[in-house]
Every structure is written in C-alpha cells, then in structure tokens.
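Single-structure report; data block below.
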Amino acid sequence: MSKVIQTIDQMKEFSKNSILSKKSIGFVPTMGYLHNGHLSLIKKARSQNDIVVVSIFVNPLQFAPNEDFNTYPRDFEKDRVLCEQNGVDVIFYPGYEEMYPQNYQTYVEVSFLSKPLEGKSRPTHFKGVTTIVLKLFNIIKPTRAYFGKKDAQQLIIIKKMVEDLNLDVEIVPCEIERDIDGLALSSRNVYLNAKERSQAVCLKKALDKAKELIDAKIYDSQTIIKNMKDVINSYDLARIDYISINSTDCLSELKEVVLGKTLISLAVFFGKTRLIDNMWI
Ligand code: PAF
C-alpha cells in the first residue's frame, strides 16, 4: 500500500526516520498523469533502493502564463493505483499553498544551461524546474533521484545544480520510453488528435535519419539538420520549433557531431501541442 503524504512536515519526518534506520531513498519527481516512461523510472528506483518516493505536483512555476498549466492532465486516483502496483512506498502529493505559501520569494537558476534550446522558447521554465526540484530534494532527502533522458536539458541542468550546490544526491539518468511507432512517451501526447498522433512519429523518424547519416560518418551539423528538417516538413501538420545539435556538457552549438558528447534535440508543434525528443550520440 502506498502511503500518501500531503504535508512537508510529515514528509520530512518520514525521510528522517528512513535515514536514521539507514534506508536508501530512491526519488522519482513527477507532475503526475503517470505513463510507462514514469513507471520505468519507478521500477529502476525500486530495484536500487530500500524506499521509493514519488512526488506528484504540477508545478505552476515552470509554466509560462500562455502555457497549459490549467489544462495539464491530472488523474490522482489512477496515479495512486499505478504507484501501488509498482511498489512505491510514499506518494508525496502536496498542495500549492504547501509548496509556495504566500510571500514565497526564493528561486534557483542554473544560469547559462537554462538559456538555449527549450530555454529560448520557454525562458522561465527551468528556473521553475530547478526551484521545485531543489525544494523536493530538501524535503525528501533522497539517496538517488531518477530523471528521464527525454527531458535532456532538464537532466543536464539538474546535474549541474547538484554539482554547483554540493547536494548529496546521485542523479540517475533513465532511457527514453517510446510507443510502438517510436513516439517518445509524454503526458502531453493526450492532447494530440488522431491525425496529429499518427504524424507525431516524425520526431523519431527525423532522429533516425540523423543516426543514419552519423553511421555513414556524416558529422556536419548543417547537413544533418537540413535532412531532419526535410523529414519533419514532409508531414503537413508538423511545425518545427527548433532542431539543434549541441554538446552534452555546456549545451553549446556544435558545427560537427562529436561522438559520445553530442545531443541532437528537436521541438515540433502539432497545433498547440509542443512535442520534444532527442538522441544522445
Ligand atoms: O519532468 C517533470 O515532470 C518536471 O519537470 C519535474 C522534474 C517533476 C519538476 O516539476
């Protein structure tokens, strides 16, 4: 049975007791509406820790006013059952006032890494992410925390925050989970209508094209991006936000792919729905 904790004090007390009894805590931060991507993080956490904590909190701070905070899908009851079925010990499910009481004033920002890629289209997003993740780390005090590679920039930024602020938590990166046709799993996929959903596979197809070129030893970024654009543009409902080739350490744009150190990422709109995907080379 997963225990649901809604207050910071109770969560801190639970973590304190777990640490006193020398139990490791694996933590999976989520915004709920759990899918197989989240479940793969939970399974990994379950296999590596004594205690597994999942947080469910749709963090208003990481949504811009024009984004989908109000409509973001939520289904706590379904999430609770999934957590239970996957051996989660605690679901931390705080309310907004609990996390951001009136007169809340403190924010955490990883400055340069938050600017490119997603940061260009969503300039305040990562400040919201790092602020909530640091708060959750302080409350839950995890031994390990699990983040999907699907949100590649988020993962890179969290690692940097942990390094810069000397946090005692091991960040465990987890592989991207995909649907049968290759679409990366995301809670936002539910926004797609049938036609958009069938075309959404183009992100993976564009990444496959990049992989094909790299396997043929074509490393020039412009050539790869041009080929990826051609793939996406052959789908009439897709509108490219960006396609970019960056270094995995400082996220600077690369003229050429460097094997083992390159992130190829893209964001594509289908109507109002913005999908992201990436590949670590
Ligand atoms: O990846 C997410 O779902 C969110 O950005 C996170 C890490 C739970 C913070 O709100």
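Following the order of the structure tokens, first chain is A, next is B, and so on, with residues numbered from 1 inside each chain and ligands from 1 in the order they appear.
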### Task
Please provide as a list of chain:residue names all residues within 7 Å of A:Thr30, with the sequence filter that same-chain residues fewer than 4 positions apart are discarded (counting only C-alpha atoms).
A:Val54, A:Ser55, A:Ile56, A:Phe57
Keeping only N, CA and C atoms, write the selected residues as a compact mmCIF listing (two decimals), in the first residue's frame.
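Result file out15.txt:
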# COMPACT_ATOMS: atom_id res chain seq x y z
N VAL A 54 7.62 8.84 -4.71
CA VAL A 54 7.24 9.52 -5.96
C VAL A 54 6.53 10.81 -5.56
N SER A 55 6.94 11.94 -6.15
CA SER A 55 6.17 13.16 -5.88
C SER A 55 5.24 13.43 -7.07
N ILE A 56 4.06 13.91 -6.75
CA ILE A 56 3.10 14.31 -7.78
C ILE A 56 2.73 15.75 -7.49
N PHE A 57 3.19 16.64 -8.36
CA PHE A 57 2.93 18.06 -8.14
C PHE A 57 3.06 18.78 -9.48
### Task
Return as a ChimeraX atom specification the residues of protein, DNA or RNA that approach ligand 1 to within 9 Å, with only C-alpha atoms and all ligand atoms taken into account.
/A:28-32,38,55-62,125-126,128-133,136,147-148,150-151,154-155,158,187
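By chain and then residue number, the residues within 8 Å of A:Gln48 are Gly26, Lys44 and Ala45 of chain A, counting only C-alpha atoms and disregarding those fewer than 3 positions away in sequence.
Atom pair atom CA of A:Glu98 / atom CA of A:Arg74: separated by 18.4 Å.
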### Task
Enumerate the residues of stretch 2-215 of chain A with a DSSP assignment of helix (DSSP H, G or I), computed from the backbone, and present them as a count of residues only.
104
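Of the listed residues (A:Asp181, A:Asn246, A:Ser47, A:Lys127), A:Lys127 comes nearest to A:Phe63; the distances count only C-alpha atoms.
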### Query
Within 10 Å of A:Met228, counting only C-alpha atoms, which residues qualify if same-chain residues fewer than 4 places away don't, as a ChimeraX atom specification?
/A:202-210,222-224,232-233,243,266
Can you write just those residues out, N, CA, C and O atoms, as a PDB file, in the first residue's frame?
ATOM      1  N   CYS A 202       7.029  11.637 -36.608  1.00  0.00           N
ATOM      2  CA  CYS A 202       8.063  12.286 -37.428  1.00  0.00           C
ATOM      3  C   CYS A 202       9.281  12.720 -36.597  1.00  0.00           C
ATOM      4  O   CYS A 202      10.397  12.800 -37.117  1.00  0.00           O
ATOM      5  N   LEU A 203       9.089  12.993 -35.303  1.00  0.00           N
ATOM      6  CA  LEU A 203      10.253  13.395 -34.483  1.00  0.00           C
ATOM      7  C   LEU A 203      11.260  12.246 -34.429  1.00  0.00           C
ATOM      8  O   LEU A 203      12.451  12.446 -34.646  1.00  0.00           O
ATOM      9  N   LYS A 204      10.765  11.047 -34.163  1.00  0.00           N
ATOM     10  CA  LYS A 204      11.648   9.882 -34.095  1.00  0.00           C
ATOM     11  C   LYS A 204      12.236   9.572 -35.474  1.00  0.00           C
ATOM     12  O   LYS A 204      13.403   9.225 -35.604  1.00  0.00           O
ATOM     13  N   LYS A 205      11.409   9.749 -36.504  1.00  0.00           N
ATOM     14  CA  LYS A 205      11.895   9.478 -37.866  1.00  0.00           C
ATOM     15  C   LYS A 205      13.041  10.441 -38.208  1.00  0.00           C
ATOM     16  O   LYS A 205      14.023  10.047 -38.844  1.00  0.00           O
ATOM     17  N   ALA A 206      12.921  11.697 -37.780  1.00  0.00           N
ATOM     18  CA  ALA A 206      13.986  12.677 -38.047  1.00  0.00           C
ATOM     19  C   ALA A 206      15.259  12.283 -37.289  1.00  0.00           C
ATOM     20  O   ALA A 206      16.376  12.385 -37.826  1.00  0.00           O
ATOM     21  N   LEU A 207      15.096  11.816 -36.055  1.00  0.00           N
ATOM     22  CA  LEU A 207      16.269  11.376 -35.281  1.00  0.00           C
ATOM     23  C   LEU A 207      16.896  10.128 -35.919  1.00  0.00           C
ATOM     24  O   LEU A 207      18.123   9.992 -35.966  1.00  0.00           O
ATOM     25  N   ASP A 208      16.042   9.236 -36.437  1.00  0.00           N
ATOM     26  CA  ASP A 208      16.565   8.045 -37.121  1.00  0.00           C
ATOM     27  C   ASP A 208      17.389   8.459 -38.340  1.00  0.00           C
ATOM     28  O   ASP A 208      18.418   7.856 -38.653  1.00  0.00           O
ATOM     29  N   LYS A 209      16.907   9.493 -39.033  1.00  0.00           N
ATOM     30  CA  LYS A 209      17.636   9.993 -40.217  1.00  0.00           C
ATOM     31  C   LYS A 209      19.017  10.500 -39.791  1.00  0.00           C
ATOM     32  O   LYS A 209      20.031  10.210 -40.435  1.00  0.00           O
ATOM     33  N   ALA A 210      19.028  11.255 -38.676  1.00  0.00           N
ATOM     34  CA  ALA A 210      20.315  11.776 -38.177  1.00  0.00           C
ATOM     35  C   ALA A 210      21.253  10.615 -37.851  1.00  0.00           C
ATOM     36  O   ALA A 210      22.440  10.642 -38.201  1.00  0.00           O
ATOM     37  N   GLN A 222      25.030  21.131 -40.093  1.00  0.00           N
ATOM     38  CA  GLN A 222      24.073  21.748 -41.026  1.00  0.00           C
ATOM     39  C   GLN A 222      23.423  20.700 -41.925  1.00  0.00           C
ATOM     40  O   GLN A 222      22.216  20.734 -42.187  1.00  0.00           O
ATOM     41  N   THR A 223      24.261  19.753 -42.401  1.00  0.00           N
ATOM     42  CA  THR A 223      23.738  18.701 -43.281  1.00  0.00           C
ATOM     43  C   THR A 223      22.725  17.836 -42.532  1.00  0.00           C
ATOM     44  O   THR A 223      21.647  17.522 -43.049  1.00  0.00           O
ATOM     45  N   ILE A 224      23.077  17.494 -41.300  1.00  0.00           N
ATOM     46  CA  ILE A 224      22.180  16.632 -40.515  1.00  0.00           C
ATOM     47  C   ILE A 224      20.866  17.363 -40.249  1.00  0.00           C
ATOM     48  O   ILE A 224      19.776  16.813 -40.445  1.00  0.00           O
ATOM     49  N   ILE A 232      10.736  16.184 -41.235  1.00  0.00           N
ATOM     50  CA  ILE A 232       9.593  16.762 -40.498  1.00  0.00           C
ATOM     51  C   ILE A 232       8.646  17.487 -41.462  1.00  0.00           C
ATOM     52  O   ILE A 232       7.424  17.363 -41.354  1.00  0.00           O
ATOM     53  N   ASN A 233       9.245  18.228 -42.416  1.00  0.00           N
ATOM     54  CA  ASN A 233       8.407  19.026 -43.316  1.00  0.00           C
ATOM     55  C   ASN A 233       7.579  18.178 -44.274  1.00  0.00           C
ATOM     56  O   ASN A 233       6.675  18.685 -44.942  1.00  0.00           O
ATOM     57  N   ILE A 243      15.505  22.549 -34.277  1.00  0.00           N
ATOM     58  CA  ILE A 243      16.286  21.307 -34.351  1.00  0.00           C
ATOM     59  C   ILE A 243      17.708  21.762 -34.065  1.00  0.00           C
ATOM     60  O   ILE A 243      18.191  22.726 -34.674  1.00  0.00           O
ATOM     61  N   LEU A 266      15.091  18.251 -30.687  1.00  0.00           N
ATOM     62  CA  LEU A 266      14.136  18.991 -31.500  1.00  0.00           C
ATOM     63  C   LEU A 266      12.820  19.191 -30.759  1.00  0.00           C
ATOM     64  O   LEU A 266      12.503  18.443 -29.830  1.00  0.00           O
TER      65      LEU A 266
END
### Query
Which residues, written as a VMD selection string, have at least one atom at most 12 Å from A:Ile214, with only C-alpha atoms counted and residues fewer than 3 positions away on the same chain left out?
chain A and resid 207 to 211 217 to 221 223 to 225 227 256 to 260 262 264 279 to 281
### Task
Just the residues within 12 Å of A:Asn36, please, counting only C-alpha atoms, with nothing from its chain fewer than 4 positions along; format it as a PyMOL selection string.
chain A and resi 32+40-43+79+82-83+86+148+175-179+184-187
Residues of the last selection are to be written out with N, CA and C atoms, as a PDB file, in the first residue's frame.
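And here's out31.pdb as it stands now:
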ATOM      1  N   GLY A  32       2.680  13.894 -12.264  1.00  0.00           N
ATOM      2  CA  GLY A  32       1.513  13.019 -12.320  1.00  0.00           C
ATOM      3  C   GLY A  32       1.150  12.623 -13.733  1.00  0.00           C
ATOM      4  N   SER A  40       8.981   3.280 -15.764  1.00  0.00           N
ATOM      5  CA  SER A  40      10.341   2.728 -15.908  1.00  0.00           C
ATOM      6  C   SER A  40      11.291   3.380 -14.899  1.00  0.00           C
ATOM      7  N   LEU A  41      11.080   4.672 -14.603  1.00  0.00           N
ATOM      8  CA  LEU A  41      11.905   5.328 -13.569  1.00  0.00           C
ATOM      9  C   LEU A  41      11.605   4.713 -12.203  1.00  0.00           C
ATOM     10  N   ILE A  42      10.321   4.484 -11.949  1.00  0.00           N
ATOM     11  CA  ILE A  42       9.907   3.929 -10.650  1.00  0.00           C
ATOM     12  C   ILE A  42      10.502   2.520 -10.481  1.00  0.00           C
ATOM     13  N   LYS A  43      10.448   1.726 -11.561  1.00  0.00           N
ATOM     14  CA  LYS A  43      10.985   0.353 -11.476  1.00  0.00           C
ATOM     15  C   LYS A  43      12.481   0.382 -11.184  1.00  0.00           C
ATOM     16  N   ASP A  79      -3.057   7.516 -10.811  1.00  0.00           N
ATOM     17  CA  ASP A  79      -1.635   7.551 -10.446  1.00  0.00           C
ATOM     18  C   ASP A  79      -1.385   6.757  -9.166  1.00  0.00           C
ATOM     19  N   LEU A  82      -1.350   3.093  -9.897  1.00  0.00           N
ATOM     20  CA  LEU A  82      -0.114   2.715 -10.604  1.00  0.00           C
ATOM     21  C   LEU A  82       1.077   2.676  -9.646  1.00  0.00           C
ATOM     22  N   CYS A  83       1.125   3.655  -8.743  1.00  0.00           N
ATOM     23  CA  CYS A  83       2.213   3.688  -7.759  1.00  0.00           C
ATOM     24  C   CYS A  83       2.145   2.426  -6.891  1.00  0.00           C
ATOM     25  N   ASN A  86       3.316  -0.644  -8.522  1.00  0.00           N
ATOM     26  CA  ASN A  86       4.745  -0.677  -8.822  1.00  0.00           C
ATOM     27  C   ASN A  86       5.621  -0.521  -7.585  1.00  0.00           C
ATOM     28  N   GLY A 148      14.328  11.176 -16.604  1.00  0.00           N
ATOM     29  CA  GLY A 148      14.345  10.591 -17.947  1.00  0.00           C
ATOM     30  C   GLY A 148      15.202  11.415 -18.898  1.00  0.00           C
ATOM     31  N   GLU A 175      16.655   5.839 -19.668  1.00  0.00           N
ATOM     32  CA  GLU A 175      16.418   5.851 -21.117  1.00  0.00           C
ATOM     33  C   GLU A 175      15.007   6.334 -21.467  1.00  0.00           C
ATOM     34  N   ILE A 176      14.876   6.835 -22.686  1.00  0.00           N
ATOM     35  CA  ILE A 176      13.570   7.311 -23.173  1.00  0.00           C
ATOM     36  C   ILE A 176      12.666   6.102 -23.452  1.00  0.00           C
ATOM     37  N   GLU A 177      11.438   6.152 -22.964  1.00  0.00           N
ATOM     38  CA  GLU A 177      10.458   5.097 -23.277  1.00  0.00           C
ATOM     39  C   GLU A 177       9.621   5.570 -24.470  1.00  0.00           C
ATOM     40  N   ARG A 178       9.354   4.641 -25.401  1.00  0.00           N
ATOM     41  CA  ARG A 178       8.649   5.020 -26.624  1.00  0.00           C
ATOM     42  C   ARG A 178       7.423   4.144 -26.871  1.00  0.00           C
ATOM     43  N   ASP A 179       6.448   4.712 -27.599  1.00  0.00           N
ATOM     44  CA  ASP A 179       5.319   3.917 -28.060  1.00  0.00           C
ATOM     45  C   ASP A 179       5.818   3.007 -29.178  1.00  0.00           C
ATOM     46  N   ALA A 184       8.073   9.273 -28.433  1.00  0.00           N
ATOM     47  CA  ALA A 184       8.510   9.280 -27.029  1.00  0.00           C
ATOM     48  C   ALA A 184       7.296   9.500 -26.131  1.00  0.00           C
ATOM     49  N   LEU A 185       7.211   8.734 -25.037  1.00  0.00           N
ATOM     50  CA  LEU A 185       6.057   8.876 -24.145  1.00  0.00           C
ATOM     51  C   LEU A 185       6.105  10.214 -23.424  1.00  0.00           C
ATOM     52  N   SER A 186       4.948  10.855 -23.335  1.00  0.00           N
ATOM     53  CA  SER A 186       4.829  12.146 -22.648  1.00  0.00           C
ATOM     54  C   SER A 186       3.380  12.301 -22.215  1.00  0.00           C
ATOM     55  N   SER A 187       3.181  12.937 -21.062  1.00  0.00           N
ATOM     56  CA  SER A 187       1.806  13.177 -20.609  1.00  0.00           C
ATOM     57  C   SER A 187       1.068  14.060 -21.614  1.00  0.00           C
TER      58      SER A 187
END
Please list as a PDB file with N, CA, C and O atoms, in the first residue's frame every residue within 7 Å of A:Ile276, counting only C-alpha atoms and excluding residues in the same chain fewer than 2 positions away.
ATOM      1  N   LEU A 266      15.091  18.251 -30.687  1.00  0.00           N
ATOM      2  CA  LEU A 266      14.136  18.991 -31.500  1.00  0.00           C
ATOM      3  C   LEU A 266      12.820  19.191 -30.759  1.00  0.00           C
ATOM      4  O   LEU A 266      12.503  18.443 -29.830  1.00  0.00           O
ATOM      5  N   ALA A 267      12.131  20.270 -31.151  1.00  0.00           N
ATOM      6  CA  ALA A 267      10.788  20.531 -30.636  1.00  0.00           C
ATOM      7  C   ALA A 267       9.909  20.824 -31.842  1.00  0.00           C
ATOM      8  O   ALA A 267      10.303  21.568 -32.745  1.00  0.00           O
ATOM      9  N   VAL A 268       8.749  20.200 -31.863  1.00  0.00           N
ATOM     10  CA  VAL A 268       7.853  20.321 -33.019  1.00  0.00           C
ATOM     11  C   VAL A 268       6.428  20.558 -32.507  1.00  0.00           C
ATOM     12  O   VAL A 268       5.983  19.885 -31.576  1.00  0.00           O
ATOM     13  N   ARG A 274       3.137  20.994 -28.161  1.00  0.00           N
ATOM     14  CA  ARG A 274       4.565  21.063 -28.497  1.00  0.00           C
ATOM     15  C   ARG A 274       5.228  19.797 -27.987  1.00  0.00           C
ATOM     16  O   ARG A 274       5.196  19.503 -26.797  1.00  0.00           O
TER      17      ARG A 274
END
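Candidate residues A:Glu253, A:Glu163, A:Asp89, A:Asp50 were compared for distance to A:Lys3, and the nearest is A:Asp89, using only C-alpha atoms.
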### Message
Let me make sure I understand: among A:Gly182, A:Gly271, A:Pro173, A:Pro123, which one has the smallest atom-to-atom distance to A:Leu237 if we use only C-alpha atoms?
### Response
A:Gly271
### Message
From the options A:Tyr33, A:Arg144, A:Tyr96, A:Asp249, which residue's atoms come nearest to A:Glu77, counting only C-alpha atoms?
### Response
A:Tyr33
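Comparing the minimum interatomic distances between A:Phe14 and each of A:Pro73, A:Pro142, A:Gly87, A:Gly95, counting only C-alpha atoms, we find that A:Pro142 sits nearest.
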